[in-house]
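Engineer: Quick one, upload32.txt (compact mmCIF, C-alpha atoms):
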```txt
# COMPACT_ATOMS: atom_id res chain seq x y z
CA MET A 1 -140.43 -43.23 199.96
CA GLN A 2 -140.98 -46.00 197.51
CA GLU A 3 -142.62 -45.51 194.17
CA PRO A 4 -144.74 -48.41 192.99
CA THR A 5 -143.66 -50.00 189.75
CA HIS A 6 -144.84 -53.08 187.97
CA GLY A 7 -142.12 -55.68 187.77
CA GLY A 8 -139.47 -53.28 186.45
CA PRO A 9 -136.75 -51.43 188.35
CA ARG A 10 -137.75 -50.09 191.78
CA ARG A 11 -137.09 -46.45 192.48
CA LEU A 12 -136.63 -45.04 195.99
CA VAL A 13 -136.55 -41.26 196.40
CA HIS A 14 -135.45 -39.51 199.60
CA HIS A 15 -135.40 -35.75 200.08
CA VAL A 16 -132.75 -34.40 202.44
CA ARG A 17 -132.91 -30.97 204.06
CA ALA A 18 -129.86 -28.71 204.32
CA GLY A 19 -128.60 -28.22 207.87
CA ASP A 20 -130.91 -30.90 209.29
CA ILE A 21 -128.22 -32.65 211.28
CA GLU A 22 -130.80 -34.19 213.63
CA HIS A 23 -132.11 -36.36 210.81
CA GLY A 24 -128.83 -36.72 208.94
CA GLY A 25 -128.00 -40.34 208.20
CA LEU A 26 -131.50 -41.58 208.77
CA ALA A 27 -132.52 -41.56 205.10
CA SER A 28 -129.50 -43.77 204.40
CA ALA A 29 -130.37 -46.14 207.19
CA GLN A 30 -133.85 -46.40 205.69
CA ILE A 31 -132.42 -46.92 202.19
CA LYS A 32 -130.29 -49.81 203.44
CA ARG A 33 -133.34 -51.40 205.06
CA GLN A 34 -135.43 -50.91 201.92
CA LEU A 35 -132.73 -52.52 199.77
CA SER A 36 -132.54 -55.52 202.08
CA GLY A 37 -136.32 -55.74 201.86
CA LEU A 38 -136.06 -55.80 198.06
CA GLY A 39 -133.70 -58.77 198.24
CA VAL A 40 -130.41 -56.93 197.71
CA ALA A 41 -127.55 -58.94 199.28
CA PRO A 42 -126.27 -57.67 202.66
CA GLN A 43 -122.83 -56.68 201.34
CA ASP A 44 -124.39 -54.72 198.45
CA ALA A 45 -126.96 -53.07 200.73
CA ARG A 46 -124.09 -52.09 203.05
CA ARG A 47 -122.12 -50.50 200.20
CA ALA A 48 -125.23 -48.65 199.02
CA GLY A 49 -125.91 -47.52 202.59
CA ILE A 50 -122.41 -46.11 202.98
CA ILE A 51 -122.63 -44.28 199.63
CA ALA A 52 -126.05 -42.89 200.59
CA PHE A 53 -124.84 -41.86 204.06
CA GLU A 54 -121.88 -39.90 202.72
CA GLY A 55 -124.09 -38.33 200.04
CA GLU A 56 -126.76 -37.51 202.59
CA MET A 57 -124.30 -35.84 204.95
CA ASN A 58 -122.88 -33.81 202.05
CA LEU A 59 -126.41 -32.55 201.35
CA VAL A 60 -126.93 -31.73 205.05
CA VAL A 61 -123.60 -29.99 205.60
CA TYR A 62 -122.88 -28.31 202.25
CA SER A 63 -125.96 -27.89 200.06
CA THR A 64 -127.80 -24.60 199.84
CA ASN A 65 -131.34 -25.99 199.75
CA GLY A 66 -130.91 -29.69 200.43
CA GLY A 67 -131.26 -32.28 197.71
CA THR A 68 -132.38 -35.70 196.67
CA ILE A 69 -131.08 -39.24 196.93
CA THR A 70 -132.56 -41.49 194.27
CA VAL A 71 -131.90 -45.23 194.37
CA THR A 72 -132.89 -47.43 191.46
CA VAL A 73 -132.80 -51.18 191.95
CA SER A 74 -132.87 -53.55 189.02
CA GLU A 75 -132.04 -57.20 188.68
CA LYS A 76 -128.30 -56.68 188.32
CA LEU A 77 -127.69 -53.12 189.50
CA VAL A 78 -128.21 -50.63 192.29
CA ASP A 79 -127.88 -47.06 190.97
CA ILE A 80 -127.61 -44.18 193.41
CA GLU A 81 -127.90 -40.52 192.45
CA VAL A 82 -127.26 -37.71 194.93
CA ALA A 83 -128.24 -34.33 193.53
CA ASP A 84 -128.48 -30.77 194.80
CA GLU A 85 -128.94 -27.31 193.28
CA GLY A 86 -125.94 -25.61 194.78
CA PRO A 87 -123.63 -24.12 195.68
CA GLY A 88 -121.49 -26.46 193.50
CA ILE A 89 -117.91 -27.59 194.01
CA GLU A 90 -115.20 -25.17 192.93
CA ASP A 91 -112.40 -27.70 192.42
CA ILE A 92 -113.54 -31.32 192.03
CA ASP A 93 -110.01 -32.77 192.05
CA LEU A 94 -109.34 -31.04 195.35
CA ALA A 95 -112.66 -32.22 196.77
CA LEU A 96 -111.74 -35.80 195.81
CA THR A 97 -108.38 -35.53 197.61
CA PRO A 98 -108.40 -37.64 200.79
CA GLY A 99 -108.36 -35.39 203.85
CA PHE A 100 -109.50 -32.24 202.06
CA SER A 101 -112.62 -30.71 203.59
CA THR A 102 -114.37 -27.37 203.72
CA ALA A 103 -116.64 -28.50 206.58
CA PRO A 104 -117.54 -25.83 209.14
CA SER A 105 -116.38 -26.32 212.73
CA TRP A 106 -119.82 -27.38 214.01
CA ALA A 107 -119.75 -30.33 211.62
CA ARG A 108 -116.17 -31.27 212.51
CA GLU A 109 -117.03 -31.35 216.20
CA LEU A 110 -119.65 -33.99 215.41
CA GLY A 111 -117.12 -36.14 213.58
CA PHE A 112 -117.90 -35.00 210.04
CA GLY A 113 -115.49 -33.19 207.74
CA ALA A 114 -112.75 -35.81 207.76
CA GLY A 115 -112.29 -35.26 204.03
CA MET A 116 -113.12 -38.90 203.34
CA GLY A 117 -116.73 -38.69 202.19
CA LEU A 118 -116.22 -38.68 198.43
CA CYS A 119 -113.41 -41.25 198.83
CA ASN A 120 -115.79 -43.55 200.68
CA ILE A 121 -118.37 -43.09 197.96
CA GLN A 122 -115.83 -44.00 195.28
CA ALA A 123 -114.49 -46.95 197.25
CA ASN A 124 -117.95 -48.50 197.57
CA ALA A 125 -119.09 -47.92 194.00
CA ASP A 126 -118.20 -50.04 190.98
CA TRP A 127 -118.71 -46.96 188.84
CA PHE A 128 -118.70 -43.32 189.92
CA GLU A 129 -119.33 -39.97 188.24
CA ILE A 130 -119.38 -36.48 189.68
CA HIS A 131 -120.64 -33.40 187.88
CA SER A 132 -120.55 -30.05 189.58
CA HIS A 133 -120.84 -26.45 188.49
CA ILE A 134 -120.83 -23.35 190.64
CA GLY A 135 -124.34 -21.96 190.70
CA SER A 136 -126.12 -25.01 189.29
CA GLY A 137 -125.14 -27.68 191.82
CA THR A 138 -123.66 -31.14 192.15
CA ARG A 139 -124.73 -34.54 190.85
CA ILE A 140 -123.08 -37.74 191.96
CA LEU A 141 -123.91 -40.95 190.13
CA CYS A 142 -122.88 -44.33 191.52
CA ARG A 143 -123.47 -47.85 190.36
CA ILE A 144 -123.18 -51.08 192.30
CA GLU A 145 -123.11 -54.30 190.35
CA ARG A 146 -125.07 -56.60 192.59
CA ARG A 147 -123.03 -59.38 194.22
CA ARG A 148 -120.21 -58.91 191.79
CA HIS A 149 -117.99 -56.80 194.00
CA ASP A 150 -114.34 -57.17 193.11
CA ALA A 151 -112.11 -55.27 195.52
CA SER A 152 -109.30 -55.18 192.96
CA GLY A 153 -111.56 -54.13 190.12
CA HIS A 154 -111.02 -50.95 188.16
CA ARG A 155 -113.46 -48.19 189.08
CA PRO A 156 -113.37 -45.45 186.47
CA THR A 157 -114.11 -41.90 187.58
CA THR A 158 -115.53 -39.25 185.30
CA ARG A 159 -115.48 -35.63 186.36
CA THR A 160 -116.73 -32.54 184.58
CA MET B 1 -118.60 -63.66 221.75
CA THR B 2 -121.91 -61.87 222.18
CA LEU B 3 -122.68 -58.33 223.26
CA ARG B 4 -124.16 -59.82 226.44
CA ASP B 5 -120.82 -61.45 227.33
CA ILE B 6 -119.03 -58.15 226.76
CA VAL B 7 -121.57 -56.18 228.80
CA ARG B 8 -121.04 -58.58 231.70
CA GLN B 9 -117.24 -58.77 231.50
CA LEU B 10 -116.69 -55.03 231.09
CA GLY B 11 -119.47 -54.00 233.49
CA LEU B 12 -121.28 -51.85 230.90
CA GLU B 13 -124.63 -50.14 231.18
CA VAL B 14 -127.13 -50.98 228.40
CA VAL B 15 -128.99 -47.76 227.55
CA ALA B 16 -130.67 -48.91 224.31
CA GLY B 17 -131.22 -52.08 222.31
CA ALA B 18 -131.33 -54.51 225.23
CA GLY B 19 -133.28 -56.89 223.00
CA TRP B 20 -130.33 -57.49 220.68
CA LEU B 21 -127.56 -58.44 223.12
CA ASP B 22 -127.31 -61.97 221.71
CA ARG B 23 -125.71 -60.49 218.60
CA ASP B 24 -122.21 -61.79 217.85
CA VAL B 25 -119.32 -59.34 218.00
CA SER B 26 -116.79 -59.84 215.18
CA GLY B 27 -114.21 -57.43 216.61
CA GLY B 28 -113.84 -53.87 217.80
CA PHE B 29 -113.30 -50.50 216.20
CA SER B 30 -112.42 -47.25 217.93
CA GLY B 31 -112.81 -43.82 216.33
CA ASP B 32 -114.75 -40.56 216.35
CA LEU B 33 -114.58 -39.55 212.69
CA LEU B 34 -117.70 -40.96 211.08
CA SER B 35 -116.25 -41.44 207.59
CA ASN B 36 -113.31 -43.30 209.09
CA VAL B 37 -115.72 -45.69 210.78
CA LEU B 38 -117.63 -46.21 207.53
CA ALA B 39 -114.37 -46.84 205.67
CA SER B 40 -112.67 -49.18 208.12
CA ALA B 41 -115.03 -50.78 210.63
CA ARG B 42 -116.10 -54.29 209.62
CA PRO B 43 -119.62 -55.72 209.85
CA GLY B 44 -120.33 -56.99 213.35
CA ASN B 45 -117.71 -54.78 215.01
CA LEU B 46 -118.46 -53.11 218.34
CA TRP B 47 -117.70 -49.39 217.87
CA ILE B 48 -116.09 -47.42 220.69
CA THR B 49 -116.66 -43.65 220.37
CA ILE B 50 -117.13 -40.45 222.33
CA GLN B 51 -119.70 -39.17 219.81
CA ARG B 52 -123.25 -39.51 221.12
CA HIS B 53 -125.47 -37.73 218.58
CA VAL B 54 -128.09 -39.37 216.39
CA ASN B 55 -125.85 -39.79 213.35
CA VAL B 56 -123.90 -42.40 215.31
CA VAL B 57 -126.97 -44.63 215.06
CA GLY B 58 -127.11 -44.09 211.29
CA VAL B 59 -123.43 -44.95 210.89
CA ALA B 60 -123.78 -48.10 212.99
CA GLN B 61 -126.81 -49.17 210.99
CA VAL B 62 -125.40 -48.64 207.50
CA ALA B 63 -122.04 -50.17 208.45
CA GLY B 64 -123.77 -53.22 209.94
CA LEU B 65 -122.05 -52.86 213.32
CA SER B 66 -123.13 -55.04 216.24
CA GLY B 67 -123.45 -52.08 218.60
CA VAL B 68 -121.99 -48.84 219.91
CA LEU B 69 -119.93 -48.50 223.11
CA LEU B 70 -119.97 -44.92 224.35
CA ALA B 71 -116.88 -43.92 226.30
CA GLY B 72 -116.75 -41.23 228.92
CA GLY B 73 -119.94 -41.63 230.94
CA GLU B 74 -122.59 -39.23 229.71
CA PRO B 75 -125.65 -40.95 228.21
CA PRO B 76 -126.98 -39.67 224.87
CA ALA B 77 -130.24 -37.73 224.52
CA ALA B 78 -133.55 -39.60 224.71
CA ALA B 79 -134.18 -39.04 220.99
CA VAL B 80 -130.92 -40.82 220.17
CA LEU B 81 -131.85 -43.78 222.35
CA ALA B 82 -135.28 -43.97 220.71
CA LYS B 83 -133.69 -44.00 217.26
CA ALA B 84 -131.26 -46.71 218.37
CA GLU B 85 -134.18 -48.88 219.52
CA GLU B 86 -135.95 -48.30 216.21
CA MET B 87 -132.81 -49.20 214.23
CA ALA B 88 -131.97 -52.21 216.45
CA ILE B 89 -128.61 -50.75 217.48
CA PRO B 90 -127.59 -51.58 221.08
CA ILE B 91 -126.00 -48.61 222.86
CA LEU B 92 -123.65 -49.51 225.71
CA LEU B 93 -122.25 -47.00 228.17
CA SER B 94 -119.12 -46.86 230.31
CA ARG B 95 -117.51 -44.21 232.48
CA ASP B 96 -114.09 -45.33 231.23
CA GLY B 97 -112.31 -43.55 228.42
CA ALA B 98 -111.92 -44.92 224.90
CA PHE B 99 -108.29 -45.99 225.39
CA GLU B 100 -109.05 -48.08 228.45
CA LEU B 101 -112.21 -49.58 226.91
CA ALA B 102 -110.37 -50.52 223.72
CA GLY B 103 -107.67 -52.22 225.77
CA ARG B 104 -110.11 -54.18 227.87
CA LEU B 105 -112.24 -55.14 224.86
CA HIS B 106 -109.19 -56.24 222.91
CA ARG B 107 -108.06 -58.41 225.81
CA ILE B 108 -111.30 -60.39 225.83
CA LEU B 109 -111.85 -60.49 222.04
CA VAL B 110 -108.24 -61.36 221.16
CA PRO B 111 -107.01 -63.13 224.33
CA ASP B 112 -103.95 -64.72 222.70
CA VAL B 113 -102.19 -61.43 222.03
CA ARG B 114 -99.75 -60.53 224.79
```
Take the structure in this file and express it as structure tokens.
Structural biologist:
Amino acid sequence: MQEPTHGGPRRLVHHVRAGDIEHGGLASAQIKRQLSGLGVAPQDARRAGIIAFEGEMNLVVYSTNGGTITVTVSEKLVDIEVADEGPGIEDIDLALTPGFSTAPSWARELGFGAGMGLCNIQANADWFEIHSHIGSGTRILCRIERRRHDASGHRPTTRT
Amino acid sequence: MTLRDIVRQLGLEVVAGAGWLDRDVSGGFSGDLLSNVLASARPGNLWITIQRHVNVVGVAQVAGLSGVLLAGGEPPAAAVLAKAEEMAIPILLSRDGAFELAGRLHRILVPDVR
């Protein structure tokens, strides 16, 4: 989906259904295409696509009622928000630990649940925040500074 | 080296994306954990995997891979092939296993390594 705006930032909103593995990853593929269409550089569109894919699969595998991926594109930034309404992450530090996963066996058999999803999101974002509370859900906020990717750059993480 | 060269040299079957075989292949990547592929495969890589569900197409598209080489013979479902066509992701098929395919692909992509 693409909401029309007039010269300002462009906002793309994708709804993702819980458990819908058959369509999992396809919103992200579409987001990457849309970003390229909006003139975002290939390397930035790729980073945004990877962030969206990991976020999308988290919504498919873990969320109670699905959630939303919102991408906002402005002249210098691509902002990506992945939000759901539950169940929420019990221990965020543990969830951010490489290799840690609570994925069910059906997801692992398909190659998900490697415990690398949030790490991949962090690695591809210039700025990353995660907020999660049991009962109210999880919000992940990522920012890509367009064409200013510095692999050695500091990427602060905020968790609440 | 293009996908077409690789298809010919490895005797692969093209089950989707036959229109994009002139794409250059920057290297290979082998793995079945999707996040691992997203983290480590480079743009233009040909991805060898035993996974054959639709999310493979999504991974290949967002990671900017040149194509997917499915090891182990069985073709994916028709819906997966349709999605691959739509996303411009060539799907190649071989009866060989991933180990053998990786070895043969490496030999033609990096011929100087003994």
Engineer: From the set B:Gly97, B:Gly44, B:Gly11, B:Pro90, which residue has the shortest atom-to-atom contact distance to Asp24 of chain B, counting all atoms listed in the file?
Structural biologist: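 Checking each candidate against Asp24 of chain B, we get B:Gly44 as the closest.
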Engineer: Any idea which chain A residues end up within 8 Å of chain B if we count only C-alpha atoms, as JSON, numbers by chain please?
Structural biologist: {"A": [21, 22, 23, 24, 25, 26, 28, 29, 32, 46, 49, 50, 53, 54, 110, 111, 112, 114, 116, 117, 120]}
Engineer: Hey, what's within 12 Å of Glu100 of chain B if we count all atoms listed in the file and toss same-chain stuff fewer than 5 positions away? As a ChimeraX atom specification, please?
Structural biologist: /B:10,30,48-49,71-72,94-95,105-107
Engineer: When you look at Arg146 of chain A with a cut-off of 7 Å (counting all atoms listed in the file), what residues show up, excluding the ones that are within fewer than 5 positions of it in the same chain? I need them as JSON, numbers by chain.
Structural biologist: {"A": [44, 76, 77, 78]}
Engineer: Atom CA of Leu3 of chain B to atom CA of Ser26 of chain B: how many Å, to one decimal?
Structural biologist: 10.1 Å
Engineer: Using all atoms listed in the file, determine which residues lie at most 9 Å from Val25 of chain B, disregarding the query and same-chain residues fewer than 6 positions distant; provide the list as a PyMOL selection string.
Structural biologist: chain B and resi 1-3+6+43-46+65-67+109
Engineer: Could you tell me which of A:Gly7, A:Gly115, A:Gly19, A:Pro98 comes closest to Gly67 of chain A if we count only C-alpha atoms?
Structural biologist: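 Under the stated criterion, the closest residue is A:Gly19.
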Engineer: Could you give me the axis-aligned bounding box of segment 96-103 of chain A, with 4 Å of padding per side, as centre plus edge lengths in Å to one decimal, as AutoDock Vina command-line options?
Structural biologist:
```
--center_x -112.5 --center_y -32.5 --center_z 201.2 --size_x 16.3 --size_y 18.3 --size_z 18.8
```
Engineer: As an exercise, work out the distance from atom CA of Ala102 of chain B to atom CA of Glu13 of chain B in Å and give it to one decimal place.
Structural biologist: 16.1 Å
Engineer: Give me, please, the distance in Å between atom CA of Ala18 of chain A and atom CA of Asn65 of chain A, quoted to one decimal.
Structural biologist: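 Distance between the two atoms: 5.5 Å.
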Engineer: Can you list, as JSON, numbers by chain, every protein, DNA or RNA residue that comes within 12 Å of Glu75 of chain A when you count only C-alpha atoms, leaving out same-chain residues fewer than 2 positions away?
Structural biologist: {"A": [7, 8, 9, 10, 38, 39, 40, 41, 72, 73, 77, 78, 79, 144, 145, 146, 147]}
Engineer: Would you save the residues of that selection, restricted to C-alpha atoms, as a PDB file, keeping the file's coordinate frame?
Structural biologist:
```pdb
ATOM      1  CA  GLY A   7    -142.120 -55.680 187.770  1.00  0.00           C
ATOM      2  CA  GLY A   8    -139.470 -53.280 186.450  1.00  0.00           C
ATOM      3  CA  PRO A   9    -136.750 -51.430 188.350  1.00  0.00           C
ATOM      4  CA  ARG A  10    -137.750 -50.090 191.780  1.00  0.00           C
ATOM      5  CA  LEU A  38    -136.060 -55.800 198.060  1.00  0.00           C
ATOM      6  CA  GLY A  39    -133.700 -58.770 198.240  1.00  0.00           C
ATOM      7  CA  VAL A  40    -130.410 -56.930 197.710  1.00  0.00           C
ATOM      8  CA  ALA A  41    -127.550 -58.940 199.280  1.00  0.00           C
ATOM      9  CA  THR A  72    -132.890 -47.430 191.460  1.00  0.00           C
ATOM     10  CA  VAL A  73    -132.800 -51.180 191.950  1.00  0.00           C
ATOM     11  CA  LEU A  77    -127.690 -53.120 189.500  1.00  0.00           C
ATOM     12  CA  VAL A  78    -128.210 -50.630 192.290  1.00  0.00           C
ATOM     13  CA  ASP A  79    -127.880 -47.060 190.970  1.00  0.00           C
ATOM     14  CA  ILE A 144    -123.180 -51.080 192.300  1.00  0.00           C
ATOM     15  CA  GLU A 145    -123.110 -54.300 190.350  1.00  0.00           C
ATOM     16  CA  ARG A 146    -125.070 -56.600 192.590  1.00  0.00           C
ATOM     17  CA  ARG A 147    -123.030 -59.380 194.220  1.00  0.00           C
TER      18      ARG A 147
END
```
Engineer: Write out as a ChimeraX atom specification which residues come within 6 Å of Trp47 of chain B when counting only C-alpha atoms, dropping same-chain ones fewer than 4 positions away.
Structural biologist: /B:28-30,68-69
Engineer: Save the residues we just selected, C-alpha atoms, as a PDB file, in the coordinates of the input?
Structural biologist:
```
ATOM      1  CA  GLY B  28    -113.840 -53.870 217.800  1.00  0.00           C
ATOM      2  CA  PHE B  29    -113.300 -50.500 216.200  1.00  0.00           C
ATOM      3  CA  SER B  30    -112.420 -47.250 217.930  1.00  0.00           C
ATOM      4  CA  VAL B  68    -121.990 -48.840 219.910  1.00  0.00           C
ATOM      5  CA  LEU B  69    -119.930 -48.500 223.110  1.00  0.00           C
TER       6      LEU B  69
END
```
Engineer: Which residue is closest to Pro87 of chain A? Choose from A:Ile69, A:Ile134, A:Arg47, A:Leu118 and count all atoms listed in the file.
Structural biologist: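 Of the candidates, the smallest distance to Pro87 of chain A is held by A:Ile134.
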Engineer: With only C-alpha atoms as the basis for distance, which of B:Ala16, B:Val37, B:Val7, B:Leu21 is at the shortest distance from Leu81 of chain B?
Structural biologist: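 Once distances to Leu81 of chain B are computed over only C-alpha atoms, the minimum belongs to B:Ala16.
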Engineer: Output as a PDB file, in the frame of the given file: segment 10-27 of chain B, completed with N, CA and C atoms.
Structural biologist:
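out_6.pdb, written as the output of this step:
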```pdb
ATOM      1  N   LEU B  10    -117.217 -56.398 230.956  1.00  0.00           N
ATOM      2  CA  LEU B  10    -116.690 -55.030 231.090  1.00  0.00           C
ATOM      3  C   LEU B  10    -117.538 -54.176 232.035  1.00  0.00           C
ATOM      4  N   GLY B  11    -118.619 -54.747 232.560  1.00  0.00           N
ATOM      5  CA  GLY B  11    -119.470 -54.000 233.490  1.00  0.00           C
ATOM      6  C   GLY B  11    -120.116 -52.779 232.847  1.00  0.00           C
ATOM      7  N   LEU B  12    -120.712 -52.979 231.655  1.00  0.00           N
ATOM      8  CA  LEU B  12    -121.280 -51.850 230.900  1.00  0.00           C
ATOM      9  C   LEU B  12    -122.746 -51.657 231.242  1.00  0.00           C
ATOM     10  N   GLU B  13    -123.213 -50.429 231.027  1.00  0.00           N
ATOM     11  CA  GLU B  13    -124.630 -50.140 231.180  1.00  0.00           C
ATOM     12  C   GLU B  13    -125.277 -50.217 229.788  1.00  0.00           C
ATOM     13  N   VAL B  14    -126.418 -50.889 229.683  1.00  0.00           N
ATOM     14  CA  VAL B  14    -127.130 -50.980 228.400  1.00  0.00           C
ATOM     15  C   VAL B  14    -128.196 -49.893 228.401  1.00  0.00           C
ATOM     16  N   VAL B  15    -128.034 -48.874 227.540  1.00  0.00           N
ATOM     17  CA  VAL B  15    -128.990 -47.760 227.550  1.00  0.00           C
ATOM     18  C   VAL B  15    -129.978 -47.822 226.379  1.00  0.00           C
ATOM     19  N   ALA B  16    -129.721 -48.688 225.410  1.00  0.00           N
ATOM     20  CA  ALA B  16    -130.670 -48.910 224.310  1.00  0.00           C
ATOM     21  C   ALA B  16    -130.383 -50.259 223.669  1.00  0.00           C
ATOM     22  N   GLY B  17    -131.408 -50.850 223.078  1.00  0.00           N
ATOM     23  CA  GLY B  17    -131.220 -52.080 222.310  1.00  0.00           C
ATOM     24  C   GLY B  17    -130.975 -53.314 223.147  1.00  0.00           C
ATOM     25  N   ALA B  18    -131.547 -53.359 224.341  1.00  0.00           N
ATOM     26  CA  ALA B  18    -131.330 -54.510 225.230  1.00  0.00           C
ATOM     27  C   ALA B  18    -131.846 -55.816 224.619  1.00  0.00           C
ATOM     28  N   GLY B  19    -132.722 -55.708 223.632  1.00  0.00           N
ATOM     29  CA  GLY B  19    -133.280 -56.890 223.000  1.00  0.00           C
ATOM     30  C   GLY B  19    -132.355 -57.559 221.991  1.00  0.00           C
ATOM     31  N   TRP B  20    -131.211 -56.944 221.720  1.00  0.00           N
ATOM     32  CA  TRP B  20    -130.330 -57.490 220.680  1.00  0.00           C
ATOM     33  C   TRP B  20    -128.940 -57.853 221.221  1.00  0.00           C
ATOM     34  N   LEU B  21    -128.876 -58.171 222.503  1.00  0.00           N
ATOM     35  CA  LEU B  21    -127.560 -58.440 223.120  1.00  0.00           C
ATOM     36  C   LEU B  21    -127.016 -59.820 222.767  1.00  0.00           C
ATOM     37  N   ASP B  22    -127.816 -60.656 222.113  1.00  0.00           N
ATOM     38  CA  ASP B  22    -127.310 -61.970 221.710  1.00  0.00           C
ATOM     39  C   ASP B  22    -126.531 -61.898 220.389  1.00  0.00           C
ATOM     40  N   ARG B  23    -126.439 -60.694 219.857  1.00  0.00           N
ATOM     41  CA  ARG B  23    -125.710 -60.490 218.600  1.00  0.00           C
ATOM     42  C   ARG B  23    -124.220 -60.803 218.792  1.00  0.00           C
ATOM     43  N   ASP B  24    -123.637 -61.477 217.799  1.00  0.00           N
ATOM     44  CA  ASP B  24    -122.210 -61.790 217.850  1.00  0.00           C
ATOM     45  C   ASP B  24    -121.362 -60.557 217.532  1.00  0.00           C
ATOM     46  N   VAL B  25    -120.244 -60.451 218.223  1.00  0.00           N
ATOM     47  CA  VAL B  25    -119.320 -59.340 218.000  1.00  0.00           C
ATOM     48  C   VAL B  25    -118.111 -59.874 217.240  1.00  0.00           C
ATOM     49  N   SER B  26    -117.864 -59.332 216.039  1.00  0.00           N
ATOM     50  CA  SER B  26    -116.790 -59.840 215.180  1.00  0.00           C
ATOM     51  C   SER B  26    -115.434 -59.227 215.525  1.00  0.00           C
ATOM     52  N   GLY B  27    -115.450 -58.144 216.304  1.00  0.00           N
ATOM     53  CA  GLY B  27    -114.210 -57.430 216.610  1.00  0.00           C
ATOM     54  C   GLY B  27    -114.575 -56.052 217.117  1.00  0.00           C
TER      55      GLY B  27
END
```
